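Reproduced below: target03.cif, with mmCIF, C-alpha atoms and all ligand atoms.
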data_input
loop_
_atom_site.label_atom_id
_atom_site.label_comp_id
_atom_site.auth_asym_id
_atom_site.auth_seq_id
_atom_site.Cartn_x
_atom_site.Cartn_y
_atom_site.Cartn_z
CA MET K 1 -14.09 5.27 -18.97
CA ALA K 2 -14.69 2.70 -16.22
CA ARG K 3 -12.65 3.34 -13.11
CA LEU K 4 -10.31 0.65 -11.80
CA ARG K 5 -11.93 -1.20 -8.89
CA VAL K 6 -9.58 -1.18 -5.91
CA GLY K 7 -9.75 -3.26 -2.73
CA VAL K 8 -7.85 -1.99 0.30
CA LEU K 9 -6.62 -4.30 3.08
CA ILE K 10 -5.97 -2.66 6.44
CA SER K 11 -5.22 -3.55 10.05
CA GLY K 12 -5.12 -0.17 11.79
CA ARG K 13 -5.64 3.57 11.65
CA GLY K 14 -5.88 3.74 7.86
CA SER K 15 -4.24 7.06 7.06
CA ASN K 16 -3.09 5.70 3.68
CA LEU K 17 -6.63 4.46 3.11
CA GLN K 18 -7.76 8.02 3.86
CA ALA K 19 -5.38 9.37 1.22
CA LEU K 20 -6.86 6.92 -1.29
CA ILE K 21 -10.40 7.85 -0.25
CA GLU K 22 -9.62 11.51 -0.85
CA ALA K 23 -8.02 10.82 -4.23
CA THR K 24 -10.91 8.66 -5.39
CA SER K 25 -13.46 11.28 -4.31
CA ASP K 26 -12.42 13.23 -7.42
CA PRO K 27 -14.56 11.86 -10.27
CA ALA K 28 -11.65 12.45 -12.65
CA TYR K 29 -9.43 10.05 -10.70
CA PRO K 30 -9.19 6.77 -12.65
CA ALA K 31 -9.84 4.40 -9.72
CA GLU K 32 -12.53 3.82 -7.09
CA ILE K 33 -12.53 1.88 -3.82
CA ALA K 34 -14.87 -1.08 -4.18
CA LEU K 35 -14.14 -2.69 -0.80
CA VAL K 36 -12.13 -2.24 2.38
CA VAL K 37 -11.21 -5.40 4.31
CA ALA K 38 -9.86 -5.28 7.86
CA ASN K 39 -8.50 -8.23 9.81
CA GLN K 40 -8.84 -6.26 13.06
CA PRO K 41 -12.45 -5.53 14.04
CA ASP K 42 -11.39 -2.25 15.72
CA ALA K 43 -9.24 -0.95 12.84
CA GLY K 44 -9.70 2.82 12.77
CA GLY K 45 -9.72 2.81 8.98
CA LEU K 46 -13.08 1.02 8.94
CA GLN K 47 -14.82 4.14 10.20
CA ARG K 48 -13.09 6.27 7.58
CA ALA K 49 -14.52 4.03 4.86
CA ARG K 50 -17.99 3.71 6.38
CA SER K 51 -18.30 7.47 6.82
CA VAL K 52 -18.13 7.93 3.05
CA GLY K 53 -20.28 4.91 2.22
CA ILE K 54 -17.54 2.53 1.09
CA ARG K 55 -18.34 -1.15 1.60
CA THR K 56 -16.33 -2.75 4.41
CA GLU K 57 -15.77 -6.29 5.62
CA ILE K 58 -14.12 -7.57 8.77
CA ILE K 59 -12.30 -10.85 8.20
CA ASN K 60 -10.72 -11.65 11.52
CA HIS K 61 -7.72 -13.97 11.22
CA ARG K 62 -8.45 -15.26 14.73
CA ALA K 63 -11.63 -16.90 13.43
CA PHE K 64 -9.61 -19.30 11.27
CA ASN K 65 -7.48 -22.29 12.24
CA ALA K 66 -5.19 -21.91 9.27
CA LYS K 67 -3.99 -19.09 7.07
CA GLN K 68 -5.51 -20.73 4.04
CA GLY K 69 -9.09 -20.24 5.23
CA PHE K 70 -8.40 -16.64 6.22
CA GLU K 71 -6.87 -15.81 2.86
CA ALA K 72 -9.54 -17.73 0.92
CA SER K 73 -12.17 -15.55 2.65
CA ILE K 74 -10.34 -12.36 1.72
CA ASP K 75 -9.94 -13.60 -1.84
CA ALA K 76 -13.66 -14.41 -2.08
CA ALA K 77 -14.63 -10.99 -0.71
CA LEU K 78 -12.35 -9.22 -3.20
CA ARG K 79 -13.68 -11.27 -6.11
CA GLY K 80 -17.25 -10.72 -4.91
CA ALA K 81 -16.65 -6.98 -5.09
CA LYS K 82 -15.08 -7.34 -8.56
CA VAL K 83 -11.81 -5.90 -7.33
CA GLU K 84 -9.12 -5.49 -9.98
CA LEU K 85 -6.25 -4.13 -7.86
CA VAL K 86 -5.53 -4.87 -4.19
CA CYS K 87 -3.73 -2.29 -2.05
CA LEU K 88 -2.14 -3.33 1.23
CA ALA K 89 -2.27 -0.28 3.47
CA GLY K 90 -0.88 -1.11 6.89
CA PHE K 91 -2.11 -4.71 6.63
CA MET K 92 -0.17 -6.52 9.34
CA ARG K 93 -0.54 -10.15 8.23
CA ILE K 94 2.06 -11.79 6.02
CA LEU K 95 0.29 -13.21 2.98
CA THR K 96 1.18 -16.71 1.78
CA PRO K 97 2.54 -17.40 -1.72
CA TRP K 98 -0.90 -18.83 -2.58
CA PHE K 99 -2.60 -15.44 -2.17
CA VAL K 100 0.31 -13.45 -3.60
CA GLU K 101 0.43 -15.57 -6.76
CA ARG K 102 -3.34 -15.48 -7.14
CA TRP K 103 -3.14 -11.66 -7.29
CA ARG K 104 0.21 -11.47 -9.04
CA ASP K 105 0.83 -8.03 -10.59
CA ARG K 106 -2.53 -6.88 -9.18
CA LEU K 107 -1.38 -6.56 -5.56
CA ILE K 108 0.63 -3.61 -4.24
CA ASN K 109 1.98 -2.54 -0.86
CA ILE K 110 3.35 0.61 0.71
CA HIS K 111 6.42 0.34 2.91
CA PRO K 112 7.95 3.20 4.92
CA SER K 113 11.52 3.00 3.60
CA LEU K 114 13.44 3.25 0.37
CA LEU K 115 13.36 -0.42 -0.58
CA PRO K 116 15.34 -2.60 -0.88
CA ALA K 117 16.80 -0.93 2.23
CA PHE K 118 15.14 -1.45 5.61
CA LYS K 119 12.65 -4.19 4.89
CA GLY K 120 10.53 -5.35 7.82
CA LEU K 121 9.25 -3.73 11.00
CA ASP K 122 10.63 -0.90 13.19
CA THR K 123 11.93 0.79 10.06
CA HIS K 124 12.38 4.28 11.44
CA GLU K 125 14.25 3.07 14.55
CA ARG K 126 16.65 1.17 12.32
CA VAL K 127 17.12 4.08 9.89
CA LEU K 128 17.99 6.38 12.83
CA ALA K 129 20.39 3.80 14.28
CA THR K 130 22.40 3.76 11.04
CA GLY K 131 22.67 7.55 10.77
CA ALA K 132 21.25 7.46 7.23
CA ARG K 133 20.56 11.00 5.96
CA PHE K 134 17.66 9.99 3.74
CA THR K 135 14.84 7.54 4.01
CA GLY K 136 11.46 7.49 2.30
CA CYS K 137 8.66 5.25 1.18
CA THR K 138 8.02 2.75 -1.58
CA VAL K 139 4.94 1.47 -3.35
CA HIS K 140 5.76 -1.90 -4.91
CA PHE K 141 4.12 -4.95 -6.42
CA VAL K 142 3.96 -7.75 -3.87
CA ARG K 143 6.01 -10.90 -4.24
CA PRO K 144 6.14 -13.87 -1.86
CA ASP K 145 9.19 -12.45 -0.03
CA VAL K 146 8.20 -9.73 2.44
CA ASP K 147 8.73 -6.13 1.24
CA ASP K 148 10.07 -7.37 -2.08
CA GLY K 149 8.86 -6.74 -5.63
CA PRO K 150 8.97 -4.30 -8.55
CA ILE K 151 8.96 -0.65 -7.45
CA VAL K 152 6.13 1.56 -8.75
CA VAL K 153 6.73 4.85 -6.90
CA GLN K 154 9.32 5.96 -4.36
CA ALA K 155 9.77 9.21 -2.47
CA ALA K 156 12.96 10.30 -0.72
CA VAL K 157 12.52 11.98 2.66
CA PRO K 158 15.34 13.66 4.62
CA VAL K 159 16.29 12.54 8.11
CA MET K 160 16.68 15.66 10.28
CA PRO K 161 19.02 16.17 13.24
CA GLY K 162 17.15 15.35 16.44
CA ASP K 163 14.59 13.14 14.70
CA THR K 164 12.89 10.48 16.80
CA PRO K 165 11.10 7.47 15.33
CA ASP K 166 7.86 9.43 15.77
CA THR K 167 8.97 12.62 14.02
CA LEU K 168 10.56 10.65 11.20
CA SER K 169 7.53 8.41 10.83
CA ALA K 170 5.25 11.47 10.60
CA ARG K 171 7.41 12.99 7.86
CA VAL K 172 7.56 9.73 5.89
CA LEU K 173 3.81 9.29 6.31
CA GLY K 174 3.28 12.68 4.69
CA ALA K 175 5.14 11.35 1.64
CA GLU K 176 3.22 8.07 1.71
CA HIS K 177 -0.05 9.94 1.39
CA HIS K 178 1.13 11.39 -1.93
CA CYS K 179 2.82 8.24 -3.23
CA TYR K 180 -0.01 5.75 -2.79
CA PRO K 181 -2.64 7.70 -4.75
CA LEU K 182 -0.01 8.44 -7.41
CA ALA K 183 0.93 4.77 -7.76
CA VAL K 184 -2.72 3.69 -8.04
CA ARG K 185 -3.31 6.40 -10.63
CA LEU K 186 -0.35 5.28 -12.75
CA ILE K 187 -1.51 1.66 -12.64
CA ALA K 188 -5.12 2.63 -13.42
CA GLU K 189 -3.93 4.69 -16.39
CA GLY K 190 -2.05 1.66 -17.72
CA ARG K 191 1.23 3.55 -17.39
CA VAL K 192 3.08 0.90 -15.37
CA ARG K 193 4.71 -1.77 -17.52
CA LEU K 194 6.23 -4.81 -15.90
CA ARG K 195 9.31 -6.05 -17.67
CA GLU K 196 10.86 -9.04 -15.94
CA GLU K 197 11.08 -7.84 -12.35
CA ARG K 198 11.10 -4.10 -13.08
CA ALA K 199 8.14 -1.77 -13.29
CA ASP K 200 8.68 1.02 -15.82
CA ILE K 201 6.57 4.17 -15.98
CA VAL K 202 5.39 5.10 -19.45
CA GLY K 203 5.05 8.79 -20.27
CA ALA K 204 5.75 11.74 -17.95
CA PRO K 205 7.76 10.83 -14.84
CA PRO K 206 6.13 11.30 -11.42
CA PRO K 207 6.20 14.93 -10.19
CA ALA K 208 9.48 15.99 -8.54
CA ASP K 209 7.70 17.43 -5.49
CA VAL K 210 6.25 13.99 -4.77
CA VAL K 211 9.37 11.89 -5.29
CA MET K 212 11.63 14.34 -3.39
CA PHE K 213 9.45 15.05 -0.42
CA ASN K 214 9.87 18.51 1.11
CA PRO K 215 8.99 18.56 4.79
CA PRO K 216 6.73 21.47 5.71
CA GLY K 217 8.43 24.47 7.40
C1 LIG U 301 2.39 2.95 6.97
O1 LIG U 301 3.56 3.53 7.48
C2 LIG U 301 2.72 1.98 5.87
O2 LIG U 301 3.84 2.36 5.12
C3 LIG U 301 3.01 0.72 6.63
O3 LIG U 301 2.07 0.71 7.68
C4 LIG U 301 1.70 2.05 7.98
C5 LIG U 301 0.20 2.11 7.88
O4 LIG U 301 -0.29 3.34 8.32
N1 LIG U 301 2.94 -0.43 5.77
P1 LIG U 301 -1.81 3.73 8.07
O5 LIG U 301 -2.66 2.63 8.71
O6 LIG U 301 -2.03 3.80 6.60
O7 LIG U 301 -2.00 5.04 8.76
#

Rewrite the coordinates I just gave you, this time as structure tokens.
Ligand code: GRF
Amino acid sequence: MARLRVGVLISGRGSNLQALIEATSDPAYPAEIALVVANQPDAGGLQRARSVGIRTEIINHRAFNAKQGFEASIDAALRGAKVELVCLAGFMRILTPWFVERWRDRLINIHPSLLPAFKGLDTHERVLATGARFTGCTVHFVRPDVDDGPIVVQAAVPVMPGDTPDTLSARVLGAEHHCYPLAVRLIAEGRVRLREERADIVGAPPPADVVMFNPPG
């Protein structure tokens, strides 16, 4: 069966991209990465993609006067590569409703909290400031409001005594690297059904060791 063609949008180091690269390197995985687009020319993730022969494009937002031209270029690159599903993986530009609606239900994001809690930036700092005992990560369909949209996969991650934003971020990132490939797999297998603004999983639920993330040690 044809594999789902995925486009990944990045701005930085690309560790979630790396998790997707590793998942897609298994020929039995139902998706492949057709294109990686970075808005930052020095995004570390570009090298990860190039080193395994994945096509990359730099579309620098600074080269455009308006968001519309920037997003139209990304859209054209994705369509040119026959992308069917777009994954935002640490992409640090807020997309306009034009782009979001153009890719409606074919555009997903990963956010390092248990949405709808802790939308936005500096997530781990804010989680620690509240004294919350659990946080996590969420893969969700993108809607025009930032960090909003039907949830595909979530993992709960414990907050440990003495955590700093860095230690907590590292633990959550470990969960992210399991959740993103799982979410793409479920979508590629046609097991995610959108009903109004809920995404239901058809068939076996996601594995417990992914959705309740056990920190190593
Ligand atoms: C991740 O924490 C992701 O949840 C957030 O941005 C970060 C990207 O990290 N949206 P990386 O570039 O994938 O390593």

Choose the residue, out of K:Ala81, K:Val210, K:Val202, K:Val52, that has the smallest atom-to-atom separation from Cys137 of chain K; count all atoms listed in the file.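 Closest to Cys137 of chain K, using all atoms listed in the file: K:Val210.
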
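Interatomic distance, atom CA of Ser73 of chain K to atom CA of His61 of chain K: 9.8 Å.
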
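Among K:Asp166, K:Ile187, K:Arg102, K:His177, the residue with the shortest atom-to-atom distance to Arg79 of chain K, counting all atoms listed in the file, is K:Arg102.
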
For Glu176 of chain K, the closest of K:Asp163, K:Gln18, K:Arg193, K:Arg5 counting only C-alpha atoms is K:Gln18

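Residues of protein, DNA or RNA having at least one counted atom within 6 Å of (7.4, 10.9, 1.1), given all atoms listed in the file, are Gly136, Cys137, Ala155, Ala156, Val157, Val172, Gly174, Ala175, Glu176 and Phe213 of chain K.
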
Can you tell me which residues sit at most 10 Å away from ligand LIG 301 (chain U), counting all atoms listed in the file, written as a ChimeraX atom specification? /K:9-20,43-45,88-92,109-113,120-121,123-124,136-139,147,169-170,172-177,180

Output segment 162-173 of chain K with all heavy atoms present, as a PDB file, keeping the file's coordinate frame.
ATOM      1  N   GLY K 162      18.094  15.356  15.317  1.00  0.00           N
ATOM      2  CA  GLY K 162      17.150  15.350  16.440  1.00  0.00           C
ATOM      3  C   GLY K 162      15.890  14.543  16.176  1.00  0.00           C
ATOM      4  O   GLY K 162      15.017  14.451  17.039  1.00  0.00           O
ATOM      5  N   ASP K 163      15.782  13.956  14.982  1.00  0.00           N
ATOM      6  CA  ASP K 163      14.590  13.140  14.700  1.00  0.00           C
ATOM      7  C   ASP K 163      14.464  11.999  15.709  1.00  0.00           C
ATOM      8  O   ASP K 163      15.462  11.414  16.143  1.00  0.00           O
ATOM      9  CB  ASP K 163      14.687  12.523  13.293  1.00  0.00           C
ATOM     10  CG  ASP K 163      13.867  13.287  12.260  1.00  0.00           C
ATOM     11  OD1 ASP K 163      12.935  14.030  12.657  1.00  0.00           O
ATOM     12  OD2 ASP K 163      14.155  13.157  11.056  1.00  0.00           O
ATOM     13  N   THR K 164      13.215  11.686  16.034  1.00  0.00           N
ATOM     14  CA  THR K 164      12.890  10.480  16.800  1.00  0.00           C
ATOM     15  C   THR K 164      12.116   9.579  15.843  1.00  0.00           C
ATOM     16  O   THR K 164      11.681  10.045  14.773  1.00  0.00           O
ATOM     17  CB  THR K 164      11.979  10.821  17.989  1.00  0.00           C
ATOM     18  OG1 THR K 164      10.742  11.333  17.456  1.00  0.00           O
ATOM     19  CG2 THR K 164      12.609  11.863  18.908  1.00  0.00           C
ATOM     20  N   PRO K 165      11.919   8.315  16.213  1.00  0.00           N
ATOM     21  CA  PRO K 165      11.100   7.470  15.330  1.00  0.00           C
ATOM     22  C   PRO K 165       9.746   8.110  15.025  1.00  0.00           C
ATOM     23  O   PRO K 165       9.245   8.010  13.906  1.00  0.00           O
ATOM     24  CB  PRO K 165      10.957   6.168  16.122  1.00  0.00           C
ATOM     25  CG  PRO K 165      12.211   6.118  16.951  1.00  0.00           C
ATOM     26  CD  PRO K 165      12.497   7.546  17.331  1.00  0.00           C
ATOM     27  N   ASP K 166       9.183   8.815  15.998  1.00  0.00           N
ATOM     28  CA  ASP K 166       7.860   9.430  15.770  1.00  0.00           C
ATOM     29  C   ASP K 166       7.922  10.593  14.794  1.00  0.00           C
ATOM     30  O   ASP K 166       7.060  10.720  13.920  1.00  0.00           O
ATOM     31  CB  ASP K 166       7.274   9.933  17.103  1.00  0.00           C
ATOM     32  CG  ASP K 166       6.737   8.788  17.937  1.00  0.00           C
ATOM     33  OD1 ASP K 166       6.634   7.662  17.403  1.00  0.00           O
ATOM     34  OD2 ASP K 166       6.426   9.022  19.120  1.00  0.00           O
ATOM     35  N   THR K 167       8.917  11.474  14.937  1.00  0.00           N
ATOM     36  CA  THR K 167       8.970  12.620  14.020  1.00  0.00           C
ATOM     37  C   THR K 167       9.308  12.146  12.606  1.00  0.00           C
ATOM     38  O   THR K 167       8.754  12.650  11.625  1.00  0.00           O
ATOM     39  CB  THR K 167       9.987  13.695  14.480  1.00  0.00           C
ATOM     40  OG1 THR K 167      11.295  13.100  14.543  1.00  0.00           O
ATOM     41  CG2 THR K 167       9.620  14.276  15.842  1.00  0.00           C
ATOM     42  N   LEU K 168      10.194  11.160  12.523  1.00  0.00           N
ATOM     43  CA  LEU K 168      10.560  10.650  11.200  1.00  0.00           C
ATOM     44  C   LEU K 168       9.380   9.924  10.558  1.00  0.00           C
ATOM     45  O   LEU K 168       9.078  10.118   9.370  1.00  0.00           O
ATOM     46  CB  LEU K 168      11.765   9.710  11.323  1.00  0.00           C
ATOM     47  CG  LEU K 168      12.357   9.214  10.007  1.00  0.00           C
ATOM     48  CD1 LEU K 168      12.714  10.366   9.079  1.00  0.00           C
ATOM     49  CD2 LEU K 168      13.586   8.350  10.277  1.00  0.00           C
ATOM     50  N   SER K 169       8.693   9.144  11.351  1.00  0.00           N
ATOM     51  CA  SER K 169       7.530   8.410  10.830  1.00  0.00           C
ATOM     52  C   SER K 169       6.479   9.388  10.314  1.00  0.00           C
ATOM     53  O   SER K 169       5.883   9.158   9.247  1.00  0.00           O
ATOM     54  CB  SER K 169       6.990   7.533  11.957  1.00  0.00           C
ATOM     55  OG  SER K 169       5.633   7.329  11.800  1.00  0.00           O
ATOM     56  N   ALA K 170       6.261  10.489  11.036  1.00  0.00           N
ATOM     57  CA  ALA K 170       5.250  11.470  10.600  1.00  0.00           C
ATOM     58  C   ALA K 170       5.652  12.093   9.268  1.00  0.00           C
ATOM     59  O   ALA K 170       4.806  12.302   8.387  1.00  0.00           O
ATOM     60  CB  ALA K 170       5.081  12.552  11.671  1.00  0.00           C
ATOM     61  N   ARG K 171       6.959  12.382   9.121  1.00  0.00           N
ATOM     62  CA  ARG K 171       7.410  12.990   7.860  1.00  0.00           C
ATOM     63  C   ARG K 171       7.278  12.005   6.689  1.00  0.00           C
ATOM     64  O   ARG K 171       6.820  12.368   5.610  1.00  0.00           O
ATOM     65  CB  ARG K 171       8.872  13.470   8.004  1.00  0.00           C
ATOM     66  CG  ARG K 171       9.315  14.399   6.882  1.00  0.00           C
ATOM     67  CD  ARG K 171      10.712  14.965   7.109  1.00  0.00           C
ATOM     68  NE  ARG K 171      10.861  15.548   8.422  1.00  0.00           N
ATOM     69  CZ  ARG K 171      11.707  15.109   9.358  1.00  0.00           C
ATOM     70  NH1 ARG K 171      12.547  14.116   9.104  1.00  0.00           N
ATOM     71  NH2 ARG K 171      11.756  15.665  10.530  1.00  0.00           N
ATOM     72  N   VAL K 172       7.669  10.754   6.956  1.00  0.00           N
ATOM     73  CA  VAL K 172       7.560   9.730   5.890  1.00  0.00           C
ATOM     74  C   VAL K 172       6.081   9.506   5.539  1.00  0.00           C
ATOM     75  O   VAL K 172       5.725   9.371   4.360  1.00  0.00           O
ATOM     76  CB  VAL K 172       8.245   8.420   6.321  1.00  0.00           C
ATOM     77  CG1 VAL K 172       7.938   7.295   5.343  1.00  0.00           C
ATOM     78  CG2 VAL K 172       9.756   8.631   6.440  1.00  0.00           C
ATOM     79  N   LEU K 173       5.234   9.506   6.562  1.00  0.00           N
ATOM     80  CA  LEU K 173       3.810   9.290   6.310  1.00  0.00           C
ATOM     81  C   LEU K 173       3.236  10.375   5.391  1.00  0.00           C
ATOM     82  O   LEU K 173       2.414  10.094   4.516  1.00  0.00           O
ATOM     83  CB  LEU K 173       3.055   9.260   7.646  1.00  0.00           C
ATOM     84  CG  LEU K 173       1.747   8.479   7.701  1.00  0.00           C
ATOM     85  CD1 LEU K 173       1.922   7.028   7.292  1.00  0.00           C
ATOM     86  CD2 LEU K 173       1.159   8.559   9.105  1.00  0.00           C
TER      87      LEU K 173
END
